[in-house]
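*Asks:* First the structure, which I've put down as structure tokens, then a few questions once you've had a look.
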Amino acid sequence: MPWNRPFFRIFLLLFGLLMTLLSAACNQPQQGPLNAGQVQSMLSELVDVSLPDGQRQAVDARLAENIGADSPKRLAALVEIVEGYGQHPAMKIYALQQIRRANSELAEAVLARNIPQFNDWDVLIYACNMAVELQDKDLIGPLVQSLSRPAVTYSLPRRPEVHAIERLSGRNLSSELAFLLLSPGDEQTRLDALQELYDLEGRERLEQLILAAPSTDPLISDLQWYAGTFHFVPRDKTEVLWIQRLHEPSMATLVDAAQRHAAWIRAQYIPDGIEPRLVALLAFLGHRIDYPSRGVVVEQVAELLAQQQHVRRMPSYPGAPDDIDPTLKTNQNRLSYLDLLLVRTLSEALSLSENRRQIYDLGFSSMSDRDSETGGLLAFDASSTADSPLLSLKEYPSELNINAGVYVSGEQLILDTPRGIAQFVFHFQSMDNSQYVGPAAGDVQYVKNTRCNVVIFTSTGDHIFDAMVDFPSEAVIDLGVYRAPD
């Protein structure tokens, strides 16, 4: 018997409606208490970045209803979202909201840990606004630490941390940063405040602030001593560390010599004072004739460099981070007066056969381990003079023995750096290592971050090596190719 078509259409319609209702019922969260397995499964769903945010938030709502909004397990999962890698910004903001509603003390602790780490702008703005709402002044330190991070797009006054710092402290940004710097407290926060004050106020006003401050605090006393002695104010924690190091009694002889010689240099040649990385150089150069005008020093350096053959690393591609032009012509405007004196002195030192032999012998001995580099501190030998600059190379163990063909400066080398004129690294993995001559992009960034000088020696043949010096200004100068005596 044939099917009645209208009846058949009605049947299909009713059947489809029934299936839809059954499907919806199946997808509804089950009611009633959850067992331990269900709770664990839902906690896993909550932190799963592969699931839609709406689904995860629905799961969290059911967890809050069944195990309590302040359940340690739920809060731990929400903290994991805030701190976890790859979590969506919207979920981080949602997690911060939920943590605050459930436990304001935990919210404050999570913000304190993570404000300096947030990279997403929307999350950072939300966290800064939450800090203001919580009215917890202990969050000022993390906000200052976050503010010390560079921001490519936004100028300092437009950063969300600024609004939060001013609201929490009741002071404008400069006043609060000055208060933090001059008050005993967390040293990292004080150093971050120092860096930001430098950016806001400039060197001269910051120097005035430091010199006028009470000197009862060790950090301020060290800064006052250095500013008064060498007319320089640091903006980097490594420079502060070196200033503290140079203020120790064991460094008095070196500092006294540098101070005497600094008086022989015209003030216009060193308008920003003398950086800690250059104190040992200045202590070594002891004759008035060593301090002619900048133009004369540039001519002297150019003449010395012209006497040498030069090689250059082949970049990954034109314009790549390792596409570095190490010529004086390209870099001289990024070199300070004392940087130029360092280039001149190193060039003169490399003209001495004793120095070339020492460099090559030490570099050659490092060639036995082709998976790593060696490095250390380059200084002047105690018996040398400005007319005959004999070098002293002291190796320091790498901080990380990762067998990746790199040298990582350790804590002791960083501490001892003011005793020398530069750190050094050997690129001596093979007899002809010309393809790796000079600094790679990572080396340039290291020097910029640590504010030290680094000389890179590279084997380019049997008893032949290249020397390049890398400066914090990102200037790189190829000193030339040298032959070591057999």
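Labeling convention for the structure tokens: chains A, B, ... as they appear, residues from 1 per chain, ligands from 1 in order of appearance.
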Excluding same-chain residues fewer than 3 positions from Glu108 of chain A, what lies within 12 Å of it counting only C-alpha atoms, as an mmCIF file with C-alpha atoms, in the first residue's frame?

*Replies:*
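The resulting file, result38.cif, is reproduced below:
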```
data_model
loop_
_atom_site.group_PDB
_atom_site.id
_atom_site.type_symbol
_atom_site.label_atom_id
_atom_site.label_comp_id
_atom_site.auth_asym_id
_atom_site.auth_seq_id
_atom_site.Cartn_x
_atom_site.Cartn_y
_atom_site.Cartn_z
ATOM 1 C CA VAL A 79 45.751 30.060 38.169
ATOM 2 C CA LEU A 96 41.487 36.611 36.802
ATOM 3 C CA GLN A 97 37.850 37.661 37.263
ATOM 4 C CA ILE A 99 39.963 34.227 41.113
ATOM 5 C CA ARG A 100 39.226 37.698 42.422
ATOM 6 C CA ARG A 101 35.579 36.857 43.123
ATOM 7 C CA ALA A 102 36.550 33.722 45.004
ATOM 8 C CA ASN A 103 39.682 34.824 46.868
ATOM 9 C CA SER A 104 40.995 38.392 46.739
ATOM 10 C CA GLU A 105 44.239 37.507 48.567
ATOM 11 C CA LEU A 111 48.914 39.625 40.010
ATOM 12 C CA ALA A 112 52.182 40.153 41.906
ATOM 13 C CA ARG A 113 53.730 37.160 40.144
ATOM 14 C CA ASN A 114 52.328 37.739 36.696
ATOM 15 C CA ILE A 115 51.956 41.453 35.967
ATOM 16 C CA ALA A 127 45.456 43.292 35.377
ATOM 17 C CA CYS A 128 46.485 46.910 35.964
ATOM 18 C CA MET A 130 42.307 45.076 38.839
ATOM 19 C CA ALA A 131 45.368 46.156 40.818
ATOM 20 C CA VAL A 132 43.802 49.600 41.267
ATOM 21 C CA GLU A 133 40.487 48.073 42.351
ATOM 22 C CA LEU A 134 42.229 45.858 44.905
ATOM 23 C CA GLN A 135 44.048 48.898 46.354
ATOM 24 C CA ASP A 136 47.048 46.777 47.277
ATOM 25 C CA LYS A 137 50.165 48.957 47.404
ATOM 26 C CA ASP A 138 52.336 45.844 47.413
ATOM 27 C CA LEU A 139 51.503 45.607 43.697
ATOM 28 C CA ILE A 140 53.402 48.812 42.937
ATOM 29 C CA PRO A 142 55.481 44.371 40.178
#
```

*Asks:* Restrict the calculation to only C-alpha atoms, then for each residue of segment 360-453 of chain A with any atom at most 6 Å from an atom of segment 301-314 of chain A give the closest atom pair and their distance in Å to one decimal, rows by chain and rising residue number, as a Markdown table.

*Replies:*
```
| residue | atom | partner | partner_atom | distance |
| --- | --- | --- | --- | --- |
| A:Gln435 | CA | A:Arg313 | CA | 5.6 |
| A:Tyr436 | CA | A:Arg313 | CA | 5.9 |
| A:Val437 | CA | A:Arg313 | CA | 5.3 |
```

*Asks:* Can you list every residue in segment 167-355 of chain A that DSSP puts in alpha helix (DSSP H), as a ChimeraX atom specification?

*Replies:* /A:167-169,173-182,187-201,203-212,218-230,237-246,252-262,279-284,294-306,328-331,337-350,353-355

*Asks:* Give me the residues near segment 199-213 of chain A as a PyMOL selection string, where near means some atom within 10 Å (using only C-alpha atoms) and where sequence neighbours in that chain fewer than 4 positions away do not count.

*Replies:* chain A and resi 148+156-157+173-174+177-178+181-182+193-195+217+220-221+223-228+231-235+272-273

*Asks:* Atom CA of Val425 of chain A and atom CA of Gln259 of chain A, how far apart in Å?

*Replies:*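 Answer for the atom CA of Gln259 of chain A to atom CA of Val425 of chain A separation: 29.2 Å.
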
*Asks:* Name the residues of segment 277-394 of chain A that fall into strand (DSSP E or B) according to DSSP on the backbone, using the chain letters and numbers of this document, as a PyMOL selection string.

*Replies:* chain A and resi 309+374-380+385+388+391-394

*Asks:* Any idea what the distance is between atom CA of Ala386 of chain A and atom CA of Asp466 of chain A?

*Replies:* 22.8 Å

*Asks:* Between A:Pro33, A:Pro89, A:Gly420, A:Gly54, which residue has the minimum interatomic distance to Ile67 of chain A, considering only C-alpha atoms?

*Replies:*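 Checking each of A:Pro33, A:Pro89, A:Gly420, A:Gly54 against Ile67 of chain A, counting only C-alpha atoms, the winner is A:Pro33.
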
*Asks:* Identify which of the residues A:Pro326, A:Gly363, A:Gly170, A:Pro160 lies closest to Ala484 of chain A, counting only C-alpha atoms when measuring atom-to-atom distances.

*Replies:*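 Between A:Pro326, A:Gly363, A:Gly170, A:Pro160, the residue approaching Ala484 of chain A most closely is A:Gly363.
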
*Asks:* Can you list, as a list in words, every protein, DNA or RNA residue that comes within 12 Å of Gln40 of chain A when you count only C-alpha atoms, leaving out same-chain residues fewer than 4 positions away?

*Replies:*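 The residues satisfying every condition are Leu34, Asn35, Ala36, Ser44, Glu45, Leu46, Val47, Val59, Asp60, Leu63, Ile67, Lys73, Arg74 and Ala77 of chain A.
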
*Asks:* Using only N, CA and C atoms, please write the residues we just selected to a file, as an mmCIF file, in the first residue's frame.

*Replies:*
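Written file, selection.cif:
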```
data_model
loop_
_atom_site.group_PDB
_atom_site.id
_atom_site.type_symbol
_atom_site.label_atom_id
_atom_site.label_comp_id
_atom_site.auth_asym_id
_atom_site.auth_seq_id
_atom_site.Cartn_x
_atom_site.Cartn_y
_atom_site.Cartn_z
ATOM 1 N N LEU A 34 28.923 15.703 41.542
ATOM 2 C CA LEU A 34 29.931 15.097 40.676
ATOM 3 C C LEU A 34 30.814 14.169 41.511
ATOM 4 N N ASN A 35 31.202 13.061 40.886
ATOM 5 C CA ASN A 35 32.157 12.194 41.566
ATOM 6 C C ASN A 35 33.577 12.668 41.236
ATOM 7 N N ALA A 36 34.552 12.054 41.894
ATOM 8 C CA ALA A 36 35.943 12.512 41.758
ATOM 9 C C ALA A 36 36.422 12.435 40.319
ATOM 10 N N SER A 44 40.321 19.137 33.691
ATOM 11 C CA SER A 44 41.150 19.001 32.487
ATOM 12 C C SER A 44 40.546 19.783 31.328
ATOM 13 N N GLU A 45 39.220 19.737 31.200
ATOM 14 C CA GLU A 45 38.541 20.506 30.157
ATOM 15 C C GLU A 45 38.751 21.999 30.370
ATOM 16 N N LEU A 46 38.696 22.434 31.605
ATOM 17 C CA LEU A 46 38.802 23.854 31.920
ATOM 18 C C LEU A 46 40.125 24.443 31.444
ATOM 19 N N VAL A 47 41.208 23.692 31.556
ATOM 20 C CA VAL A 47 42.527 24.229 31.192
ATOM 21 C C VAL A 47 42.932 23.864 29.774
ATOM 22 N N VAL A 59 31.914 24.791 31.707
ATOM 23 C CA VAL A 59 32.445 23.746 32.587
ATOM 24 C C VAL A 59 32.828 24.344 33.937
ATOM 25 N N ASP A 60 33.464 25.527 33.906
ATOM 26 C CA ASP A 60 33.873 26.167 35.153
ATOM 27 C C ASP A 60 32.659 26.547 36.002
ATOM 28 N N LEU A 63 31.578 23.515 37.766
ATOM 29 C CA LEU A 63 32.516 23.196 38.838
ATOM 30 C C LEU A 63 32.265 24.076 40.055
ATOM 31 N N ILE A 67 31.553 22.040 43.377
ATOM 32 C CA ILE A 67 32.635 21.855 44.355
ATOM 33 C C ILE A 67 32.963 23.153 45.083
ATOM 34 N N LYS A 73 41.014 23.141 44.135
ATOM 35 C CA LYS A 73 41.257 22.527 42.829
ATOM 36 C C LYS A 73 40.826 23.458 41.702
ATOM 37 N N ARG A 74 39.651 24.069 41.862
ATOM 38 C CA ARG A 74 39.184 24.991 40.830
ATOM 39 C C ARG A 74 40.107 26.200 40.734
ATOM 40 N N ALA A 77 43.287 25.445 38.934
ATOM 41 C CA ALA A 77 43.104 25.380 37.479
ATOM 42 C C ALA A 77 43.021 26.788 36.881
#
```

*Asks:* Quick check, in Å to one decimal: how far apart do atom CA of Phe426 of chain A and atom CA of Leu282 of chain A lie?

*Replies:*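 Atom CA of Leu282 of chain A lies 25.2 Å from atom CA of Phe426 of chain A.
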
*Asks:* Compile the contact shell of Val49 of chain A as a list in words: residues with an atom at most 10 Å away, counting only C-alpha atoms, same-chain residues fewer than 5 positions apart removed.

*Replies:*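 Surrounding residues, per the criterion: Ser44, Arg56, Ile81, Gly84, Tyr85, Gly86, Gln87, His88 and Met91 of chain A.
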
*Asks:* May I have the residues from that selection written out with N, CA and C atoms, as a PDB file, in the first residue's frame?

*Replies:*
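Saved as selection-v3.pdb:
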```pdb
ATOM      1  N   SER A  44      40.321  19.137  33.691  1.00  0.00           N
ATOM      2  CA  SER A  44      41.150  19.001  32.487  1.00  0.00           C
ATOM      3  C   SER A  44      40.546  19.783  31.328  1.00  0.00           C
ATOM      4  N   ARG A  56      34.597  26.003  27.924  1.00  0.00           N
ATOM      5  CA  ARG A  56      35.416  25.943  29.131  1.00  0.00           C
ATOM      6  C   ARG A  56      34.780  26.750  30.265  1.00  0.00           C
ATOM      7  N   ILE A  81      45.512  28.696  34.148  1.00  0.00           N
ATOM      8  CA  ILE A  81      45.110  29.417  32.938  1.00  0.00           C
ATOM      9  C   ILE A  81      45.815  30.766  32.863  1.00  0.00           C
ATOM     10  N   GLY A  84      49.613  29.915  32.345  1.00  0.00           N
ATOM     11  CA  GLY A  84      49.986  28.895  31.379  1.00  0.00           C
ATOM     12  C   GLY A  84      50.361  29.435  30.016  1.00  0.00           C
ATOM     13  N   TYR A  85      51.226  28.717  29.349  1.00  0.00           N
ATOM     14  CA  TYR A  85      51.651  29.073  27.999  1.00  0.00           C
ATOM     15  C   TYR A  85      50.560  28.715  26.991  1.00  0.00           C
ATOM     16  N   GLY A  86      50.294  29.630  26.065  1.00  0.00           N
ATOM     17  CA  GLY A  86      49.345  29.355  24.993  1.00  0.00           C
ATOM     18  C   GLY A  86      47.896  29.572  25.355  1.00  0.00           C
ATOM     19  N   GLN A  87      47.601  30.005  26.578  1.00  0.00           N
ATOM     20  CA  GLN A  87      46.221  30.256  26.977  1.00  0.00           C
ATOM     21  C   GLN A  87      45.699  31.515  26.277  1.00  0.00           C
ATOM     22  N   HIS A  88      44.424  31.494  25.886  1.00  0.00           N
ATOM     23  CA  HIS A  88      43.827  32.623  25.179  1.00  0.00           C
ATOM     24  C   HIS A  88      43.739  33.834  26.099  1.00  0.00           C
ATOM     25  N   MET A  91      40.531  34.023  28.031  1.00  0.00           N
ATOM     26  CA  MET A  91      40.441  33.079  29.144  1.00  0.00           C
ATOM     27  C   MET A  91      41.296  33.531  30.322  1.00  0.00           C
TER      28      MET A  91
END
```

*Asks:* Near segment 241-245 of chain A, within 12 Å and counting only C-alpha atoms, which residues show up once chain neighbours fewer than 3 positions away are dropped, as a PDB file with N, CA and C atoms, in the first residue's frame?

*Replies:*
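And here is the file that came out, out11.pdb:
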```pdb
ATOM      1  N   GLU A 187      65.474  45.496  46.086  1.00  0.00           N
ATOM      2  CA  GLU A 187      66.486  46.103  45.227  1.00  0.00           C
ATOM      3  C   GLU A 187      66.099  46.051  43.760  1.00  0.00           C
ATOM      4  N   GLN A 188      65.440  44.968  43.318  1.00  0.00           N
ATOM      5  CA  GLN A 188      65.035  44.887  41.923  1.00  0.00           C
ATOM      6  C   GLN A 188      64.075  46.017  41.565  1.00  0.00           C
ATOM      7  N   LEU A 191      66.046  49.227  41.258  1.00  0.00           N
ATOM      8  CA  LEU A 191      66.823  49.313  40.021  1.00  0.00           C
ATOM      9  C   LEU A 191      65.925  49.565  38.819  1.00  0.00           C
ATOM     10  N   PRO A 218      73.000  52.041  51.617  1.00  0.00           N
ATOM     11  CA  PRO A 218      74.183  51.575  50.874  1.00  0.00           C
ATOM     12  C   PRO A 218      74.077  51.754  49.361  1.00  0.00           C
ATOM     13  N   LEU A 219      72.916  51.443  48.785  1.00  0.00           N
ATOM     14  CA  LEU A 219      72.775  51.586  47.332  1.00  0.00           C
ATOM     15  C   LEU A 219      72.956  53.041  46.918  1.00  0.00           C
ATOM     16  N   ILE A 220      72.300  53.947  47.595  1.00  0.00           N
ATOM     17  CA  ILE A 220      72.411  55.359  47.254  1.00  0.00           C
ATOM     18  C   ILE A 220      73.836  55.851  47.502  1.00  0.00           C
ATOM     19  N   SER A 221      74.468  55.382  48.558  1.00  0.00           N
ATOM     20  CA  SER A 221      75.856  55.778  48.835  1.00  0.00           C
ATOM     21  C   SER A 221      76.777  55.367  47.695  1.00  0.00           C
ATOM     22  N   ASP A 222      76.596  54.154  47.177  1.00  0.00           N
ATOM     23  CA  ASP A 222      77.414  53.692  46.052  1.00  0.00           C
ATOM     24  C   ASP A 222      77.165  54.553  44.812  1.00  0.00           C
ATOM     25  N   LEU A 223      75.903  54.847  44.536  1.00  0.00           N
ATOM     26  CA  LEU A 223      75.577  55.664  43.369  1.00  0.00           C
ATOM     27  C   LEU A 223      76.127  57.074  43.516  1.00  0.00           C
ATOM     28  N   GLN A 224      76.028  57.627  44.727  1.00  0.00           N
ATOM     29  CA  GLN A 224      76.557  58.968  44.963  1.00  0.00           C
ATOM     30  C   GLN A 224      78.067  58.999  44.787  1.00  0.00           C
ATOM     31  N   TRP A 225      78.716  57.976  45.301  1.00  0.00           N
ATOM     32  CA  TRP A 225      80.179  57.910  45.165  1.00  0.00           C
ATOM     33  C   TRP A 225      80.587  57.892  43.701  1.00  0.00           C
ATOM     34  N   TYR A 226      79.929  57.065  42.904  1.00  0.00           N
ATOM     35  CA  TYR A 226      80.339  56.942  41.509  1.00  0.00           C
ATOM     36  C   TYR A 226      79.986  58.203  40.720  1.00  0.00           C
ATOM     37  N   ALA A 227      78.793  58.750  40.964  1.00  0.00           N
ATOM     38  CA  ALA A 227      78.393  59.975  40.265  1.00  0.00           C
ATOM     39  C   ALA A 227      79.340  61.118  40.606  1.00  0.00           C
ATOM     40  N   THR A 229      82.457  60.782  41.538  1.00  0.00           N
ATOM     41  CA  THR A 229      83.824  60.478  41.096  1.00  0.00           C
ATOM     42  C   THR A 229      83.960  60.514  39.576  1.00  0.00           C
ATOM     43  N   PHE A 230      82.997  59.917  38.883  1.00  0.00           N
ATOM     44  CA  PHE A 230      83.115  59.758  37.430  1.00  0.00           C
ATOM     45  C   PHE A 230      81.968  60.413  36.650  1.00  0.00           C
ATOM     46  N   PHE A 232      78.869  59.841  36.245  1.00  0.00           N
ATOM     47  CA  PHE A 232      78.072  58.902  35.454  1.00  0.00           C
ATOM     48  C   PHE A 232      76.970  58.331  36.320  1.00  0.00           C
ATOM     49  N   VAL A 233      75.782  58.208  35.740  1.00  0.00           N
ATOM     50  CA  VAL A 233      74.647  57.588  36.419  1.00  0.00           C
ATOM     51  C   VAL A 233      74.237  56.356  35.617  1.00  0.00           C
ATOM     52  N   PRO A 234      74.134  55.202  36.248  1.00  0.00           N
ATOM     53  CA  PRO A 234      73.796  53.982  35.507  1.00  0.00           C
ATOM     54  C   PRO A 234      72.311  53.914  35.192  1.00  0.00           C
ATOM     55  N   ARG A 235      71.972  53.102  34.238  1.00  0.00           N
ATOM     56  CA  ARG A 235      70.568  52.841  33.935  1.00  0.00           C
ATOM     57  C   ARG A 235      70.315  51.344  33.817  1.00  0.00           C
ATOM     58  N   ASP A 236      71.268  50.557  34.282  1.00  0.00           N
ATOM     59  CA  ASP A 236      71.209  49.116  34.101  1.00  0.00           C
ATOM     60  C   ASP A 236      71.698  48.443  35.376  1.00  0.00           C
ATOM     61  N   LYS A 237      71.056  47.310  35.723  1.00  0.00           N
ATOM     62  CA  LYS A 237      71.402  46.641  36.983  1.00  0.00           C
ATOM     63  C   LYS A 237      72.832  46.105  36.975  1.00  0.00           C
ATOM     64  N   THR A 238      73.344  45.724  35.795  1.00  0.00           N
ATOM     65  CA  THR A 238      74.725  45.248  35.747  1.00  0.00           C
ATOM     66  C   THR A 238      75.688  46.389  36.030  1.00  0.00           C
ATOM     67  N   GLU A 248      84.444  48.696  46.403  1.00  0.00           N
ATOM     68  CA  GLU A 248      85.052  47.853  47.418  1.00  0.00           C
ATOM     69  C   GLU A 248      86.506  48.271  47.644  1.00  0.00           C
ATOM     70  N   PRO A 249      87.024  48.121  48.866  1.00  0.00           N
ATOM     71  CA  PRO A 249      88.409  48.531  49.158  1.00  0.00           C
ATOM     72  C   PRO A 249      89.438  47.871  48.240  1.00  0.00           C
ATOM     73  N   SER A 250      89.192  46.634  47.811  1.00  0.00           N
ATOM     74  CA  SER A 250      90.168  45.933  46.965  1.00  0.00           C
ATOM     75  C   SER A 250      90.351  46.583  45.599  1.00  0.00           C
ATOM     76  N   MET A 251      89.406  47.453  45.211  1.00  0.00           N
ATOM     77  CA  MET A 251      89.479  48.091  43.897  1.00  0.00           C
ATOM     78  C   MET A 251      90.010  49.528  43.998  1.00  0.00           C
ATOM     79  N   ALA A 252      90.423  49.951  45.172  1.00  0.00           N
ATOM     80  CA  ALA A 252      90.777  51.357  45.394  1.00  0.00           C
ATOM     81  C   ALA A 252      91.934  51.805  44.511  1.00  0.00           C
ATOM     82  N   LEU A 254      92.937  50.717  41.531  1.00  0.00           N
ATOM     83  CA  LEU A 254      92.478  50.869  40.150  1.00  0.00           C
ATOM     84  C   LEU A 254      91.622  52.121  40.004  1.00  0.00           C
ATOM     85  N   VAL A 255      90.691  52.323  40.940  1.00  0.00           N
ATOM     86  CA  VAL A 255      89.777  53.478  40.875  1.00  0.00           C
ATOM     87  C   VAL A 255      90.550  54.785  41.024  1.00  0.00           C
ATOM     88  N   ILE A 274      81.987  58.526  32.794  1.00  0.00           N
ATOM     89  CA  ILE A 274      82.786  57.329  32.499  1.00  0.00           C
ATOM     90  C   ILE A 274      82.037  56.102  32.970  1.00  0.00           C
ATOM     91  N   GLU A 275      81.712  55.233  32.059  1.00  0.00           N
ATOM     92  CA  GLU A 275      80.968  54.016  32.373  1.00  0.00           C
ATOM     93  C   GLU A 275      81.851  53.034  33.131  1.00  0.00           C
ATOM     94  N   PRO A 276      81.275  52.218  34.005  1.00  0.00           N
ATOM     95  CA  PRO A 276      82.078  51.251  34.776  1.00  0.00           C
ATOM     96  C   PRO A 276      82.896  50.306  33.905  1.00  0.00           C
ATOM     97  N   ARG A 277      82.394  49.977  32.719  1.00  0.00           N
ATOM     98  CA  ARG A 277      83.108  49.033  31.847  1.00  0.00           C
ATOM     99  C   ARG A 277      84.431  49.612  31.342  1.00  0.00           C
ATOM    100  N   LEU A 278      84.646  50.922  31.516  1.00  0.00           N
ATOM    101  CA  LEU A 278      85.824  51.577  30.966  1.00  0.00           C
ATOM    102  C   LEU A 278      86.796  52.070  32.026  1.00  0.00           C
ATOM    103  N   VAL A 279      86.499  51.798  33.289  1.00  0.00           N
ATOM    104  CA  VAL A 279      87.365  52.277  34.369  1.00  0.00           C
ATOM    105  C   VAL A 279      88.752  51.632  34.294  1.00  0.00           C
ATOM    106  N   ALA A 280      88.828  50.341  34.028  1.00  0.00           N
ATOM    107  CA  ALA A 280      90.136  49.664  33.971  1.00  0.00           C
ATOM    108  C   ALA A 280      90.975  50.201  32.811  1.00  0.00           C
ATOM    109  N   GLU A 411      78.397  33.976  36.619  1.00  0.00           N
ATOM    110  CA  GLU A 411      78.265  35.042  37.605  1.00  0.00           C
ATOM    111  C   GLU A 411      79.614  35.628  37.996  1.00  0.00           C
ATOM    112  N   GLN A 412      80.625  34.776  38.166  1.00  0.00           N
ATOM    113  CA  GLN A 412      81.922  35.282  38.611  1.00  0.00           C
ATOM    114  C   GLN A 412      82.561  36.165  37.557  1.00  0.00           C
ATOM    115  N   LEU A 413      82.416  35.806  36.280  1.00  0.00           N
ATOM    116  CA  LEU A 413      82.970  36.655  35.224  1.00  0.00           C
ATOM    117  C   LEU A 413      82.271  38.007  35.203  1.00  0.00           C
ATOM    118  N   ILE A 414      80.948  38.006  35.362  1.00  0.00           N
ATOM    119  CA  ILE A 414      80.219  39.280  35.398  1.00  0.00           C
ATOM    120  C   ILE A 414      80.725  40.139  36.558  1.00  0.00           C
ATOM    121  N   LEU A 415      80.918  39.523  37.727  1.00  0.00           N
ATOM    122  CA  LEU A 415      81.409  40.271  38.892  1.00  0.00           C
ATOM    123  C   LEU A 415      82.805  40.847  38.656  1.00  0.00           C
ATOM    124  N   ASP A 416      83.657  40.095  37.961  1.00  0.00           N
ATOM    125  CA  ASP A 416      85.047  40.511  37.778  1.00  0.00           C
ATOM    126  C   ASP A 416      85.257  41.423  36.575  1.00  0.00           C
ATOM    127  N   THR A 417      84.252  41.602  35.754  1.00  0.00           N
ATOM    128  CA  THR A 417      84.412  42.363  34.511  1.00  0.00           C
ATOM    129  C   THR A 417      85.013  43.754  34.715  1.00  0.00           C
ATOM    130  N   PRO A 418      84.672  44.514  35.781  1.00  0.00           N
ATOM    131  CA  PRO A 418      85.293  45.839  35.945  1.00  0.00           C
ATOM    132  C   PRO A 418      86.798  45.808  36.145  1.00  0.00           C
ATOM    133  N   ARG A 419      87.348  44.647  36.487  1.00  0.00           N
ATOM    134  CA  ARG A 419      88.796  44.533  36.656  1.00  0.00           C
ATOM    135  C   ARG A 419      89.529  44.525  35.323  1.00  0.00           C
ATOM    136  N   GLY A 420      88.800  44.231  34.241  1.00  0.00           N
ATOM    137  CA  GLY A 420      89.424  44.131  32.933  1.00  0.00           C
ATOM    138  C   GLY A 420      88.873  45.161  31.963  1.00  0.00           C
ATOM    139  N   THR A 450      74.146  43.481  28.696  1.00  0.00           N
ATOM    140  CA  THR A 450      75.023  43.459  29.871  1.00  0.00           C
ATOM    141  C   THR A 450      75.908  44.696  29.983  1.00  0.00           C
ATOM    142  N   ARG A 451      75.939  45.535  28.954  1.00  0.00           N
ATOM    143  CA  ARG A 451      76.685  46.792  28.989  1.00  0.00           C
ATOM    144  C   ARG A 451      78.191  46.576  29.124  1.00  0.00           C
ATOM    145  N   CYS A 452      78.699  45.447  28.615  1.00  0.00           N
ATOM    146  CA  CYS A 452      80.130  45.191  28.681  1.00  0.00           C
ATOM    147  C   CYS A 452      80.725  45.232  27.272  1.00  0.00           C
TER     148      CYS A 452
END
```
